[in-house]
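Engineer: Structure: data21.cif, mmCIF, C-alpha atoms.
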```cif
data_entry
#
loop_
_atom_site.label_atom_id
_atom_site.label_comp_id
_atom_site.auth_asym_id
_atom_site.auth_seq_id
_atom_site.Cartn_x
_atom_site.Cartn_y
_atom_site.Cartn_z
CA MET A 1 110.76 81.71 103.44
CA ASP A 2 111.79 84.18 106.15
CA ILE A 3 111.54 82.17 109.36
CA SER A 4 111.30 78.57 110.52
CA ILE A 5 110.21 78.20 114.14
CA ILE A 6 111.14 74.87 115.71
CA VAL A 7 109.26 73.85 118.86
CA PRO A 8 110.32 70.60 120.58
CA LEU A 9 107.75 69.47 123.13
CA TYR A 10 106.84 66.79 125.61
CA ASN A 11 103.36 66.72 127.20
CA GLU A 12 102.41 70.34 126.47
CA GLU A 13 98.86 69.93 125.14
CA GLU A 14 97.51 72.84 127.22
CA SER A 15 100.03 75.41 126.03
CA LEU A 16 100.15 74.60 122.29
CA PRO A 17 97.00 76.46 121.10
CA GLU A 18 97.99 79.62 122.97
CA LEU A 19 101.58 79.39 121.73
CA PHE A 20 100.43 78.99 118.12
CA ASP A 21 98.07 81.98 118.33
CA TRP A 22 100.80 84.10 119.92
CA ILE A 23 103.34 83.22 117.22
CA ALA A 24 100.77 83.83 114.46
CA ARG A 25 99.97 87.31 115.80
CA VAL A 26 103.63 88.30 115.84
CA MET A 27 104.32 86.89 112.37
CA THR A 28 101.26 88.58 110.86
CA LYS A 29 102.10 91.91 112.46
CA HIS A 30 105.57 91.92 110.87
CA ASN A 31 104.48 90.31 107.60
CA TYR A 32 106.93 87.41 107.79
CA SER A 33 106.60 84.27 105.71
CA TYR A 34 107.05 81.43 108.16
CA GLU A 35 106.53 77.85 109.21
CA ILE A 36 106.15 76.28 112.64
CA ILE A 37 107.62 72.82 113.11
CA PHE A 38 106.33 71.03 116.20
CA ILE A 39 108.39 68.01 117.25
CA ASN A 40 106.35 65.77 119.54
CA ASP A 41 108.97 63.95 121.58
CA GLY A 42 106.96 60.90 122.60
CA SER A 43 104.29 62.77 124.55
CA THR A 44 101.87 60.63 126.55
CA ASP A 45 99.08 63.25 126.60
CA HIS A 46 97.05 64.63 123.67
CA SER A 47 99.80 66.90 122.32
CA TRP A 48 99.86 65.22 118.90
CA LYS A 49 96.11 65.50 118.53
CA VAL A 50 96.40 69.23 119.25
CA ILE A 51 99.15 69.55 116.62
CA GLU A 52 96.93 67.80 114.06
CA GLN A 53 94.12 70.25 114.83
CA LEU A 54 96.49 73.20 114.40
CA GLN A 55 97.71 71.77 111.11
CA LYS A 56 94.12 71.62 109.79
CA LYS A 57 93.67 75.21 110.92
CA ALA A 58 96.83 76.44 109.16
CA PRO A 59 98.00 73.76 106.70
CA ASP A 60 100.56 76.01 105.00
CA VAL A 61 102.18 76.98 108.29
CA VAL A 62 102.08 74.11 110.75
CA LYS A 63 104.25 71.04 110.31
CA GLY A 64 104.75 68.23 112.78
CA ILE A 65 107.08 65.37 113.59
CA LYS A 66 105.99 62.68 115.97
CA PHE A 67 108.51 60.43 117.71
CA ARG A 68 107.35 56.98 118.65
CA ARG A 69 108.99 57.39 122.06
CA ASN A 70 110.79 60.03 124.10
CA TYR A 71 114.28 60.54 122.67
CA GLY A 72 115.21 63.92 124.15
CA LYS A 73 115.62 67.49 123.04
CA SER A 74 118.74 67.03 120.89
CA PRO A 75 117.17 64.44 118.53
CA ALA A 76 114.07 66.64 118.31
CA LEU A 77 116.16 69.65 117.28
CA PHE A 78 118.19 67.55 114.84
CA CYS A 79 115.03 66.48 113.01
CA GLY A 80 113.64 70.01 113.14
CA PHE A 81 116.85 71.46 111.71
CA ASP A 82 116.76 68.93 108.87
CA LYS A 83 113.20 69.89 107.97
CA ALA A 84 113.55 73.69 108.35
CA GLN A 85 113.41 75.76 105.16
CA GLY A 86 113.55 79.33 106.49
CA ASP A 87 116.46 81.74 106.00
CA VAL A 88 116.43 82.29 109.77
CA VAL A 89 115.65 79.49 112.22
CA ILE A 90 114.21 80.18 115.67
CA THR A 91 114.09 77.53 118.39
CA MET A 92 111.84 77.95 121.40
CA ASP A 93 110.28 75.86 124.13
CA ALA A 94 106.59 74.98 124.08
CA ASP A 95 105.79 75.85 127.70
CA LEU A 96 105.07 79.57 127.04
CA GLN A 97 108.12 80.62 129.06
CA ASP A 98 109.77 81.86 125.83
CA SER A 99 108.05 84.90 124.34
CA PRO A 100 107.42 85.03 120.55
CA GLU A 101 107.59 88.83 120.91
CA GLU A 102 111.38 88.43 120.90
CA ILE A 103 111.41 86.96 117.39
CA PRO A 104 111.52 90.23 115.37
CA GLU A 105 114.62 91.49 117.19
CA LEU A 106 116.32 88.11 116.93
CA TYR A 107 115.51 88.05 113.21
CA ASP A 108 116.96 91.55 112.80
CA MET A 109 120.21 90.53 114.54
CA ILE A 110 120.66 87.65 112.09
CA VAL A 111 119.60 89.42 108.89
CA ASN A 112 120.76 93.01 109.40
CA GLN A 113 123.46 92.75 112.06
CA LYS A 114 124.89 89.66 110.36
CA TYR A 115 125.11 87.39 113.38
CA ASP A 116 125.46 83.67 112.70
CA LEU A 117 123.78 82.70 115.95
CA VAL A 118 122.06 84.65 118.72
CA SER A 119 121.36 83.00 122.07
CA GLY A 120 118.73 84.29 124.46
CA TRP A 121 119.72 85.40 127.96
CA LYS A 122 117.03 85.01 130.59
CA LYS A 123 118.49 87.67 132.83
CA LYS A 124 115.46 87.69 135.14
CA ARG A 125 114.20 84.16 135.71
CA HIS A 126 110.97 82.85 137.20
CA ASP A 127 112.44 79.54 138.36
CA GLY A 128 113.36 78.15 141.77
CA THR A 129 116.55 79.71 143.16
CA LEU A 130 118.04 76.49 144.53
CA THR A 131 116.78 74.10 141.88
CA LYS A 132 117.57 76.10 138.75
CA ASN A 133 119.00 79.61 139.20
CA ILE A 134 122.11 78.84 141.26
CA PRO A 135 123.00 75.57 139.42
CA SER A 136 122.46 77.41 136.12
CA LYS A 137 124.88 80.20 137.09
CA ILE A 138 127.57 77.69 138.11
CA TYR A 139 127.05 75.66 134.95
CA ASN A 140 127.20 78.71 132.66
CA ALA A 141 130.32 80.06 134.36
CA THR A 142 132.08 76.74 133.70
CA ALA A 143 130.83 76.64 130.10
CA ARG A 144 132.15 80.16 129.45
CA LYS A 145 135.57 79.20 130.79
CA VAL A 146 135.83 75.99 128.75
CA THR A 147 134.29 77.14 125.45
CA GLY A 148 135.60 80.70 125.37
CA LEU A 149 132.11 81.98 124.49
CA LYS A 150 130.99 84.88 126.66
CA LEU A 151 127.35 83.81 126.88
CA HIS A 152 125.41 84.17 130.11
CA ASP A 153 122.79 81.51 129.32
CA MET A 154 124.12 78.94 126.86
CA ASN A 155 121.26 76.52 127.50
CA CYS A 156 118.46 79.00 126.79
CA GLY A 157 115.90 77.37 124.48
CA LEU A 158 115.20 80.62 122.64
CA LYS A 159 117.84 81.02 119.94
CA ALA A 160 118.11 82.34 116.39
CA TYR A 161 120.33 80.88 113.68
CA ARG A 162 121.34 81.65 110.15
CA SER A 163 120.11 78.64 108.17
CA GLU A 164 123.66 77.84 107.09
CA VAL A 165 124.60 77.19 110.73
CA ILE A 166 122.03 74.49 111.44
CA LYS A 167 122.87 72.70 108.19
CA ASN A 168 126.55 72.42 109.19
CA ILE A 169 126.31 71.16 112.77
CA GLU A 170 125.16 67.82 114.14
CA VAL A 171 123.18 67.81 117.38
CA TYR A 172 123.05 64.43 119.12
CA GLY A 173 122.88 62.90 122.59
CA GLU A 174 122.24 65.86 124.88
CA MET A 175 124.44 68.32 122.99
CA HIS A 176 121.64 70.86 122.53
CA ARG A 177 123.08 72.65 125.57
CA TYR A 178 126.21 73.47 123.59
CA ILE A 179 124.89 74.43 120.16
CA PRO A 180 126.75 77.79 120.26
CA TYR A 181 130.00 75.89 120.89
CA LEU A 182 129.22 73.44 118.09
CA ALA A 183 128.71 76.43 115.79
CA LYS A 184 132.02 77.93 116.92
CA VAL A 185 133.87 74.66 116.25
CA ALA A 186 132.24 74.51 112.80
CA GLY A 187 133.78 77.91 111.98
CA PHE A 188 130.92 80.34 112.63
CA LYS A 189 132.49 83.24 114.46
CA LYS A 190 129.81 85.88 115.00
CA ILE A 191 127.90 84.50 117.96
CA GLY A 192 126.03 86.87 120.27
CA GLU A 193 123.28 87.02 122.84
CA LYS A 194 120.18 89.05 123.57
CA VAL A 195 118.40 89.63 126.85
CA VAL A 196 114.97 88.02 126.55
CA SER A 197 111.95 87.98 128.81
CA HIS A 198 111.24 84.83 130.79
CA GLN A 199 107.63 84.03 131.51
CA ALA A 200 106.41 82.12 134.54
CA ARG A 201 105.24 78.61 133.66
CA LYS A 202 101.51 78.67 133.03
CA PHE A 203 100.72 74.97 132.57
CA GLY A 204 102.24 71.72 133.79
CA THR A 205 105.64 71.20 135.41
CA SER A 206 109.25 71.26 134.28
CA LYS A 207 110.42 68.12 132.50
CA PHE A 208 114.08 68.50 133.53
CA GLY A 209 115.67 67.26 136.76
CA LEU A 210 118.95 68.08 138.51
CA ASN A 211 120.69 65.18 136.71
CA ARG A 212 120.89 67.41 133.62
CA PHE A 213 123.65 69.42 135.29
CA VAL A 214 125.80 66.32 135.80
CA ASN A 215 125.15 65.22 132.22
CA GLY A 216 125.87 68.76 131.08
CA TYR A 217 129.40 68.70 132.47
CA LEU A 218 130.09 65.29 130.95
CA ASP A 219 128.88 66.52 127.55
CA LEU A 220 130.96 69.69 127.89
CA PHE A 221 134.13 67.67 128.47
CA SER A 222 133.29 65.38 125.53
CA LEU A 223 132.78 68.33 123.16
CA TRP A 224 135.95 70.07 124.33
CA PHE A 225 138.02 66.91 123.84
CA LEU A 226 136.53 66.12 120.42
CA ALA A 227 136.99 69.70 119.23
CA LYS A 228 140.61 69.81 120.39
CA PHE A 229 141.83 66.26 119.78
CA GLY A 230 139.12 64.52 117.74
CA LYS A 231 141.25 64.38 114.57
CA ARG A 232 144.60 63.99 116.38
CA PRO A 233 144.15 61.82 119.50
CA MET A 234 147.88 61.01 119.62
CA HIS A 235 148.59 64.62 120.61
CA PHE A 236 146.72 64.05 123.88
CA PHE A 237 147.23 60.40 124.77
CA GLY A 238 150.72 60.24 123.30
CA PHE A 239 151.93 63.33 125.15
CA TRP A 240 150.61 62.35 128.57
CA GLY A 241 151.57 58.72 128.05
CA THR A 242 155.14 59.77 127.27
CA VAL A 243 155.24 62.06 130.32
CA MET A 244 153.99 59.29 132.64
CA PHE A 245 156.39 56.71 131.18
CA LEU A 246 159.38 59.04 131.58
CA LEU A 247 158.42 59.88 135.18
CA GLY A 248 158.10 56.18 135.99
CA PHE A 249 161.39 55.38 134.22
CA ILE A 250 163.23 58.10 136.11
CA ALA A 251 161.70 56.86 139.39
CA VAL A 252 162.90 53.31 138.61
CA LEU A 253 166.41 54.62 137.93
CA VAL A 254 166.37 56.52 141.23
CA VAL A 255 165.23 53.43 143.18
CA GLY A 256 167.80 51.26 141.38
CA GLY A 257 170.52 53.88 141.91
CA MET A 258 169.82 54.04 145.64
CA LYS A 259 170.05 50.23 145.86
CA TRP A 260 173.33 50.20 143.91
CA TYR A 261 174.76 52.92 146.15
CA ALA A 262 173.79 50.95 149.27
CA LEU A 263 175.43 47.79 147.92
CA SER A 264 178.60 49.59 146.88
CA THR A 265 179.03 51.17 150.33
CA GLY A 266 178.07 48.05 152.26
CA THR A 267 174.98 49.71 153.77
CA ARG A 268 172.05 47.48 154.66
CA SER A 269 168.95 48.32 152.60
CA PRO A 270 165.65 46.57 151.89
CA LEU A 271 164.99 44.70 148.67
CA VAL A 272 163.95 46.92 145.78
CA THR A 273 160.74 44.93 145.42
CA SER A 274 159.84 45.44 149.08
CA THR A 275 159.49 49.22 148.75
CA PRO A 276 156.24 50.82 147.53
CA TYR A 277 158.17 53.31 145.37
CA PHE A 278 159.25 50.57 142.98
CA TYR A 279 155.65 49.51 142.35
CA LEU A 280 154.46 53.10 142.00
CA ALA A 281 157.18 53.73 139.40
CA LEU A 282 156.35 50.50 137.59
CA THR A 283 152.62 51.30 137.58
CA THR A 284 153.34 54.78 136.19
CA MET A 285 155.38 53.27 133.36
CA ILE A 286 152.64 50.76 132.53
CA LEU A 287 149.94 53.45 132.54
CA GLY A 288 152.11 55.66 130.35
CA THR A 289 152.58 52.83 127.87
CA GLN A 290 148.84 52.13 127.81
CA MET A 291 148.01 55.80 127.20
CA PHE A 292 150.53 55.93 124.37
CA LEU A 293 149.03 52.81 122.80
CA ALA A 294 145.50 54.27 123.23
CA GLY A 295 146.64 57.36 121.33
CA PHE A 296 148.22 55.20 118.62
CA LEU A 297 145.03 53.14 118.22
CA GLY A 298 142.94 56.32 118.21
CA GLU A 299 145.17 57.71 115.47
CA LEU A 300 144.72 54.56 113.38
CA ILE A 301 140.93 54.71 113.80
CA SER A 302 140.88 58.42 112.96
CA ARG A 303 142.97 57.95 109.80
CA ASN A 304 140.74 55.14 108.57
CA SER A 305 137.45 56.86 109.45
CA ALA A 306 135.11 57.86 106.64
CA GLU A 307 134.80 61.23 108.42
CA ARG A 308 138.55 61.90 108.63
CA ASN A 309 138.43 64.62 105.96
CA ASN A 310 134.93 65.88 106.58
CA TYR A 311 135.45 69.64 106.83
CA ASN A 312 132.95 72.49 106.62
CA ILE A 313 133.79 74.45 103.45
CA GLU A 314 132.26 77.94 103.31
CA LYS A 315 132.61 78.41 99.52
CA THR A 316 134.47 77.17 96.47
CA ILE A 317 135.45 78.91 93.22
#
```
Represent the structure contained in this file as structure tokens.
Structural biologist:
Amino acid sequence: MDISIIVPLYNEEESLPELFDWIARVMTKHNYSYEIIFINDGSTDHSWKVIEQLQKKAPDVVKGIKFRRNYGKSPALFCGFDKAQGDVVITMDADLQDSPEEIPELYDMIVNQKYDLVSGWKKKRHDGTLTKNIPSKIYNATARKVTGLKLHDMNCGLKAYRSEVIKNIEVYGEMHRYIPYLAKVAGFKKIGEKVVSHQARKFGTSKFGLNRFVNGYLDLFSLWFLAKFGKRPMHFFGFWGTVMFLLGFIAVLVVGGMKWYALSTGTRSPLVTSTPYFYLALTTMILGTQMFLAGFLGELISRNSAERNNYNIEKTI
């Protein structure tokens, strides 16, 4: 099969028939063999009923997954990736803001230009400037700096993947924002982007609030830490714990040395325990010890984890 198209959705009953017809026209025009996997993420409208009608209309093409409740986009993509059978996998939103007309060029970049993953770039957006455009620019600038991927729109829903990529990454929580980074960490190096058209929303309202930007930064830090220190936590906690302990120890020596000097010269000086510097030094030593122990415990857990030697192997001979 040439293409699997994965469409996660939540309350998009009005847009689904038009989206299906649009995809079908593009696929027929280019003579692709394809499947469309709709993941109904706990919709409270008639989205699932519409999917069932589409499946009766095209039983060899339409597939559906229905969640009992709303889990989020990452679980929807995870289940879609597991079910996909195409050589190239396309993900797109169900709100008609992603154009199926982009699929042939995305497919060509994967198959002929040998990209592992291609992310869409909505260069010209039809969203609110204050609510989406400006926060999105700040978020993407930070993501580029942290991940090292020069993508302008990492969170764009319209993406194309070589099938091997989606079978070697795990999307969970709200990590769908960082799928290109997950692919990079898994060893897939050829990651690019393509400018795609962004349609104005035709039906309904956006399902995402401003809290996604806060969650996005928390997820970004989590991924960066796991990618860098996930299999060797002692390198992070042990290093900084040692640094803090040494700083505190040196500070204690300085405070003690000053007290000894005052006593040896007969100079009046306050008790060591009456100065704030002693307690700051002591606190630093305690925190350093705790960080070192956290790294040690993390190392023990990592070494005894069933996933400790779970590596992505490209080929064997």
Engineer: Please, what distance in Å, to one decimal, runs between CA of Phe20 in chain A and CA of Met175 in chain A?
Structural biologist: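 We find that CA of Phe20 in chain A and CA of Met175 in chain A lie 26.7 Å from each other.
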Engineer: I'd like to know which of A:His176, A:Lys49, A:Lys167, A:Lys194 is closest to Pro8 in chain A, using all atoms listed in the file.
Structural biologist: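 Ranked by minimum distance to Pro8 in chain A, first place goes to A:His176.
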Engineer: Check what the PyMOL selection byres ((chain A and resi 289-297) around 6) selects in the file above and give those residues as a ChimeraX atom specification.
Structural biologist: /A:233-234,237-238,241,286-288,298-300
Engineer: So which residues touch Val165 in chain A within 9 Å, counting only C-alpha atoms, skipping near sequence neighbours fewer than 2 positions away, as a PyMOL selection string?
Structural biologist: chain A and resi 116-117+161-163+167-169+183+186+188
Engineer: Would you work out the distance separating CA of Gly86 in chain A from CA of Glu35 in chain A, expressed in Å to one decimal?
Structural biologist: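 Between CA of Gly86 in chain A and CA of Glu35 in chain A the gap is 7.7 Å.
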Engineer: Would you kindly translate the PyMOL selection byres ((chain A and resi 101) around 10) into the concrete residues it picks from this file, as a PyMOL selection string?
Structural biologist: chain A and resi 22-23+25-27+98-100+102-106+196-197
Engineer: Kindly list the centre and edge lengths in Å, rounded to one decimal, for the axis-aligned box that covers all listed atoms of range 81-92 of chain A plus 8 Å on each of its six sides, as lines of an AutoDock Vina configuration file.
Structural biologist:
```
center_x = 114.3
center_y = 75.6
center_z = 113.3
size_x = 21.0
size_y = 29.4
size_z = 32.2
```
Engineer: To verify the selection step, state as a PyMOL selection string which residues the PyMOL selection byres ((chain A and resi 258) around 12) yields on this input.
Structural biologist: chain A and resi 251-257+259-265+267-272+275+277-278
Engineer: So the first atom is CA of Gly120 in chain A and the second is CA of Cys156 in chain A; what is the distance between them in Å, to one decimal place?
Structural biologist: 5.8 Å
Engineer: Given the choices A:Val146, A:Asn140, A:Gly157, A:Lys56, which gets closest to Leu9 in chain A if the distance is worked out from all atoms listed in the file?
Structural biologist: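 The closest residue to Leu9 in chain A is A:Gly157.
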Engineer: Of the residues A:Trp48, A:Tyr139, A:Tyr178, A:Tyr34, which is the one nearest to Val89 in chain A, using only C-alpha atoms?
Structural biologist: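 Using only C-alpha atoms, the shortest distance to Val89 in chain A belongs to A:Tyr34.
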Engineer: Which residues come within 9 Å of Ala94 in chain A, counting all atoms listed in the file, excluding same-chain residues fewer than 3 positions away, as a list in words?
Structural biologist: Val7, Pro8, Leu9, Tyr10, Glu12, Ser15, Leu16, Leu19, Phe38, Gln97 and Asp98 of chain A
Engineer: Given the choices A:Ser33, A:Phe236, A:Met285, A:Gly266, which gets closest to Ile250 in chain A if the distance is worked out from all atoms listed in the file?
Structural biologist: A:Met285
Engineer: Have a look at A:His152, A:Asp21, A:Ser4, A:Ser136 and name the one nearest to Asp82 in chain A; count all atoms listed in the file.
Structural biologist: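 For Asp82 in chain A, the nearest of the candidates is A:Ser4.
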Engineer: Near Arg68 in chain A, within 9 Å and counting only C-alpha atoms, which residues show up once chain neighbours fewer than 6 positions away are dropped, as a ChimeraX atom specification?
Structural biologist: /A:40-43
Engineer: Fewer than 4 positions away in the same chain doesn't count, so skip those; otherwise give me all residues within 12 Å of Glu170 in chain A, counting only C-alpha atoms, as a JSON list (two decimals) with C-alpha atoms, in the frame of the given file.
Structural biologist:
```
[["chain", "number", "residue", "atom", "x", "y", "z"],
["A", 74, "SER", "CA", 118.74, 67.03, 120.89],
["A", 75, "PRO", "CA", 117.17, 64.44, 118.53],
["A", 76, "ALA", "CA", 114.07, 66.64, 118.31],
["A", 77, "LEU", "CA", 116.16, 69.65, 117.28],
["A", 78, "PHE", "CA", 118.19, 67.55, 114.84],
["A", 79, "CYS", "CA", 115.03, 66.48, 113.01],
["A", 80, "GLY", "CA", 113.64, 70.01, 113.14],
["A", 81, "PHE", "CA", 116.85, 71.46, 111.71],
["A", 82, "ASP", "CA", 116.76, 68.93, 108.87],
["A", 165, "VAL", "CA", 124.60, 77.19, 110.73],
["A", 166, "ILE", "CA", 122.03, 74.49, 111.44],
["A", 174, "GLU", "CA", 122.24, 65.86, 124.88],
["A", 175, "MET", "CA", 124.44, 68.32, 122.99],
["A", 176, "HIS", "CA", 121.64, 70.86, 122.53],
["A", 178, "TYR", "CA", 126.21, 73.47, 123.59],
["A", 179, "ILE", "CA", 124.89, 74.43, 120.16],
["A", 180, "PRO", "CA", 126.75, 77.79, 120.26],
["A", 181, "TYR", "CA", 130.00, 75.89, 120.89],
["A", 182, "LEU", "CA", 129.22, 73.44, 118.09],
["A", 183, "ALA", "CA", 128.71, 76.43, 115.79],
["A", 185, "VAL", "CA", 133.87, 74.66, 116.25],
["A", 186, "ALA", "CA", 132.24, 74.51, 112.80],
["A", 223, "LEU", "CA", 132.78, 68.33, 123.16],
["A", 312, "ASN", "CA", 132.95, 72.49, 106.62]]
```
Engineer: Give me the residues near Thr142 in chain A as a PyMOL selection string, where near means some atom within 12 Å (using all atoms listed in the file) and where sequence neighbours in that chain fewer than 3 positions away do not count.
Structural biologist: chain A and resi 135-139+145-154+213+216-218+220-221
